[in-house]
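Next comes target17.pdb, with PDB, C-alpha atoms, pLDDT in the B column.
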```pdb
ATOM      1  CA  SER A1487       0.000   0.000   0.000  1.00 52.00           C
ATOM      2  CA  GLN A1488       1.420   3.343  -1.052  1.00 57.00           C
ATOM      3  CA  SER A1489       1.122   6.277   1.299  1.00 59.00           C
ATOM      4  CA  VAL A1490      -0.321   9.366  -0.288  1.00 63.00           C
ATOM      5  CA  MET A1491       1.153  12.636   0.947  1.00 60.00           C
ATOM      6  CA  THR A1492      -1.007  15.737   1.137  1.00 66.00           C
ATOM      7  CA  ALA A1493       0.209  19.058  -0.272  1.00 59.00           C
ATOM      8  CA  ARG A1494       1.004  20.209   3.273  1.00 58.00           C
ATOM      9  CA  GLU A1495       3.167  17.155   3.990  1.00 61.00           C
ATOM     10  CA  VAL A1496       5.029  17.630   0.706  1.00 55.00           C
ATOM     11  CA  ALA A1497       5.796  21.246   1.630  1.00 57.00           C
ATOM     12  CA  LEU A1498       6.984  20.440   5.156  1.00 69.00           C
ATOM     13  CA  ALA A1499       8.822  17.151   4.692  1.00 81.00           C
ATOM     14  CA  ILE A1500      12.480  17.056   3.740  1.00 86.00           C
ATOM     15  CA  ALA A1501      12.927  15.369   0.349  1.00 89.00           C
ATOM     16  CA  VAL A1502      14.653  12.000   0.590  1.00 91.00           C
ATOM     17  CA  ASP A1503      17.582  13.090  -1.594  1.00 93.00           C
ATOM     18  CA  ARG A1504      18.017  16.340   0.383  1.00 92.00           C
ATOM     19  CA  LYS A1505      17.975  14.389   3.646  1.00 93.00           C
ATOM     20  CA  SER A1506      20.638  11.988   2.301  1.00 93.00           C
ATOM     21  CA  VAL A1507      22.835  14.939   1.298  1.00 94.00           C
ATOM     22  CA  LEU A1508      22.507  16.508   4.758  1.00 94.00           C
ATOM     23  CA  ILE A1509      23.296  13.235   6.530  1.00 94.00           C
ATOM     24  CA  GLU A1510      26.326  12.647   4.316  1.00 94.00           C
ATOM     25  CA  GLU A1511      27.584  16.216   4.760  1.00 94.00           C
ATOM     26  CA  TYR A1512      27.301  16.372   8.564  1.00 95.00           C
ATOM     27  CA  ALA A1513      28.086  12.742   9.464  1.00 94.00           C
ATOM     28  CA  VAL A1514      30.978  12.373  11.879  1.00 92.00           C
ATOM     29  CA  THR A1515      31.845   8.855  10.707  1.00 93.00           C
ATOM     30  CA  GLN A1516      30.827   6.676   7.757  1.00 93.00           C
ATOM     31  CA  GLY A1517      27.213   5.520   8.107  1.00 91.00           C
ATOM     32  CA  ASP A1518      26.488   7.975  10.918  1.00 91.00           C
ATOM     33  CA  THR A1519      22.858   9.084  11.008  1.00 91.00           C
ATOM     34  CA  GLY A1520      22.275   9.865  14.682  1.00 93.00           C
ATOM     35  CA  SER A1521      25.107  12.092  15.868  1.00 95.00           C
ATOM     36  CA  ALA A1522      24.217  15.469  17.342  1.00 96.00           C
ATOM     37  CA  GLU A1523      25.640  17.185  14.236  1.00 96.00           C
ATOM     38  CA  VAL A1524      23.364  15.257  11.857  1.00 96.00           C
ATOM     39  CA  GLN A1525      20.324  15.757  14.086  1.00 96.00           C
ATOM     40  CA  ILE A1526      20.990  19.500  14.331  1.00 97.00           C
ATOM     41  CA  ALA A1527      21.415  19.801  10.553  1.00 96.00           C
ATOM     42  CA  LEU A1528      18.145  17.947   9.885  1.00 96.00           C
ATOM     43  CA  LEU A1529      16.286  19.988  12.511  1.00 96.00           C
ATOM     44  CA  SER A1530      17.660  23.194  10.967  1.00 96.00           C
ATOM     45  CA  GLU A1531      16.279  22.125   7.578  1.00 95.00           C
ATOM     46  CA  HIS A1532      12.882  21.341   9.132  1.00 95.00           C
ATOM     47  CA  ILE A1533      12.892  24.679  10.953  1.00 95.00           C
ATOM     48  CA  HIS A1534      13.663  26.512   7.709  1.00 95.00           C
ATOM     49  CA  ASN A1535      10.835  24.692   5.880  1.00 94.00           C
ATOM     50  CA  LEU A1536       8.339  25.356   8.675  1.00 95.00           C
ATOM     51  CA  THR A1537       9.325  29.020   8.841  1.00 95.00           C
ATOM     52  CA  GLU A1538       8.659  29.413   5.113  1.00 94.00           C
ATOM     53  CA  HIS A1539       5.338  27.567   5.487  1.00 94.00           C
ATOM     54  CA  LEU A1540       4.259  29.825   8.358  1.00 95.00           C
ATOM     55  CA  LYS A1541       5.036  32.984   6.367  1.00 96.00           C
ATOM     56  CA  VAL A1542       2.227  31.938   4.014  1.00 95.00           C
ATOM     57  CA  HIS A1543      -0.076  30.175   6.503  1.00 95.00           C
ATOM     58  CA  ARG A1544       0.011  32.549   9.469  1.00 95.00           C
ATOM     59  CA  LYS A1545      -2.853  30.870  11.330  1.00 95.00           C
ATOM     60  CA  ASP A1546      -1.476  27.325  11.187  1.00 93.00           C
ATOM     61  CA  PHE A1547      -0.967  27.022  14.929  1.00 95.00           C
ATOM     62  CA  THR A1548      -0.321  23.285  14.867  1.00 95.00           C
ATOM     63  CA  SER A1549       2.684  23.776  12.600  1.00 94.00           C
ATOM     64  CA  ARG A1550       3.783  26.727  14.751  1.00 96.00           C
ATOM     65  CA  ARG A1551       3.800  24.466  17.805  1.00 96.00           C
ATOM     66  CA  GLY A1552       5.788  21.861  15.852  1.00 94.00           C
ATOM     67  CA  LEU A1553       8.282  24.578  14.927  1.00 96.00           C
ATOM     68  CA  LEU A1554       8.713  25.590  18.569  1.00 97.00           C
ATOM     69  CA  VAL A1555       9.261  21.961  19.594  1.00 97.00           C
ATOM     70  CA  LYS A1556      11.933  21.553  16.895  1.00 97.00           C
ATOM     71  CA  VAL A1557      13.651  24.805  17.901  1.00 97.00           C
ATOM     72  CA  GLY A1558      13.729  23.611  21.528  1.00 98.00           C
ATOM     73  CA  THR A1559      15.145  20.220  20.559  1.00 98.00           C
ATOM     74  CA  ARG A1560      17.829  21.828  18.390  1.00 97.00           C
ATOM     75  CA  SER A1561      18.700  24.192  21.221  1.00 97.00           C
ATOM     76  CA  LYS A1562      19.200  21.268  23.628  1.00 98.00           C
ATOM     77  CA  LEU A1563      21.370  19.408  21.117  1.00 97.00           C
ATOM     78  CA  LEU A1564      23.469  22.542  20.511  1.00 97.00           C
ATOM     79  CA  ARG A1565      23.935  22.974  24.266  1.00 97.00           C
ATOM     80  CA  TYR A1566      25.039  19.329  24.540  1.00 97.00           C
ATOM     81  CA  LEU A1567      27.513  19.711  21.672  1.00 97.00           C
ATOM     82  CA  LYS A1568      28.906  22.984  23.042  1.00 96.00           C
ATOM     83  CA  LYS A1569      29.502  21.368  26.430  1.00 97.00           C
ATOM     84  CA  ARG A1570      30.994  18.077  25.174  1.00 97.00           C
ATOM     85  CA  LYS A1571      32.779  19.033  21.949  1.00 96.00           C
ATOM     86  CA  PRO A1572      33.286  22.820  21.719  1.00 96.00           C
ATOM     87  CA  GLN A1573      35.388  22.680  18.541  1.00 96.00           C
ATOM     88  CA  ARG A1574      32.787  20.659  16.607  1.00 95.00           C
ATOM     89  CA  TYR A1575      30.107  23.009  17.982  1.00 96.00           C
ATOM     90  CA  ARG A1576      31.897  26.074  16.585  1.00 96.00           C
ATOM     91  CA  GLU A1577      32.422  24.384  13.198  1.00 95.00           C
ATOM     92  CA  LEU A1578      28.760  23.354  12.988  1.00 95.00           C
ATOM     93  CA  ILE A1579      27.505  26.825  13.903  1.00 96.00           C
ATOM     94  CA  ALA A1580      29.687  28.301  11.132  1.00 95.00           C
ATOM     95  CA  GLN A1581      28.564  25.691   8.566  1.00 94.00           C
ATOM     96  CA  LEU A1582      24.857  26.133   9.292  1.00 95.00           C
ATOM     97  CA  GLY A1583      25.057  29.906   9.589  1.00 94.00           C
ATOM     98  CA  LEU A1584      23.515  30.012  13.059  1.00 91.00           C
ATOM     99  CA  ARG A1585      24.231  32.594  15.765  1.00 82.00           C
ATOM    100  CA  ARG A1586      25.324  35.692  13.917  1.00 67.00           C
TER     101      ARG A1586
END
```
Exercise: express the given structure as structure tokens:
Amino acid sequence: SQSVMTAREVALAIAVDRKSVLIEEYAVTQGDTGSAEVQIALLSEHIHNLTEHLKVHRKDFTSRRGLLVKVGTRSKLLRYLKKRKPQRYRELIAQLGLRR
């Protein structure tokens, strides 16, 4: 059975090829999909997509809540990385263009 995605899901989901590129780019080791760096990169992509969606759909409060949850999760992961591996934290911040 194929799953049918709605227009909203298409707009908010990260494309499979884009997700693969992000994982490959931010992976710490070969085959790494769960490191803090990869998670932060994927969350940043989701946050960007949701932000664009909310510019058009201002009253979509469910997506707004999802955005806030993702921002909080990314913030926790960044705090963890900064505490445990400060050098990798600084590199990631520069790569993603966060914290101006």
- Query: Which residues, written as a list in words, have at least one atom at most 8 Å from Ile1500 of chain A, with only C-alpha atoms counted and residues fewer than 4 positions away on the same chain left out?
  - Reply: Arg1504, Lys1505, Glu1531 and His1532 of chain A
- Query: Which residues match the PyMOL selection byres ((chain A and resi 1579) around 12) in the file above, as a list in words?
  - Reply: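 On the file shown, the PyMOL selection byres ((chain A and resi 1579) around 12) covers Tyr1512, Glu1523, Ile1526, Ala1527, Ser1530, Arg1560, Ser1561, Leu1564, Arg1565, Leu1567, Lys1568, Pro1572, Gln1573, Arg1574, Tyr1575, Arg1576, Glu1577, Leu1578, Ala1580, Gln1581, Leu1582, Gly1583, Leu1584, Arg1585 and Arg1586 of chain A.
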- Could you tell me how far atom CA of Asp1503 of chain A lies from atom CA of Arg1544 of chain A, in Å and to one decimal?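 Result for atom CA of Asp1503 of chain A versus atom CA of Arg1544 of chain A: 28.5 Å, one decimal.
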- Task: Enter the distance from atom CA of Leu1554 of chain A to atom CA of Ile1533 of chain A, in Å, rounded to one decimal.
- Result: 8.7 Å
Output, as AutoDock Vina command-line options, the centre and edge lengths in Å (one decimal) of the axis-aligned box that contains all listed atoms of segment 1520-1524 of chain A with 8 Å of margin on each side.
```
--center_x 24.0 --center_y 13.5 --center_z 14.6 --size_x 19.4 --size_y 23.3 --size_z 21.5
```
- Between A:Leu1529, A:Leu1536, A:Ala1499, A:Val1542, which is the closest to Leu1563 of chain A once you count only C-alpha atoms?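 The answer is A:Leu1529, which sits nearest to Leu1563 of chain A.
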- Task: Grab the atom CA of Gly1558 of chain A to atom CA of Leu1540 of chain A distance for me, in Å with one decimal place.
- Result: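 It comes out at 17.4 Å.
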- Item | Of the listed residues A:Val1555, A:His1539, A:Val1524, A:Lys1569, that which approaches Ser1506 of chain A most closely, counting only C-alpha atoms |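 Of all the options, A:Val1524 lies closest to Ser1506 of chain A.
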- Query: Between A:Arg1570, A:Gln1525, A:Thr1537, A:Gly1520, which is the closest to Gly1552 of chain A once you count only C-alpha atoms?
  - Reply: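 For Gly1552 of chain A, the nearest of the given residues is A:Thr1537.
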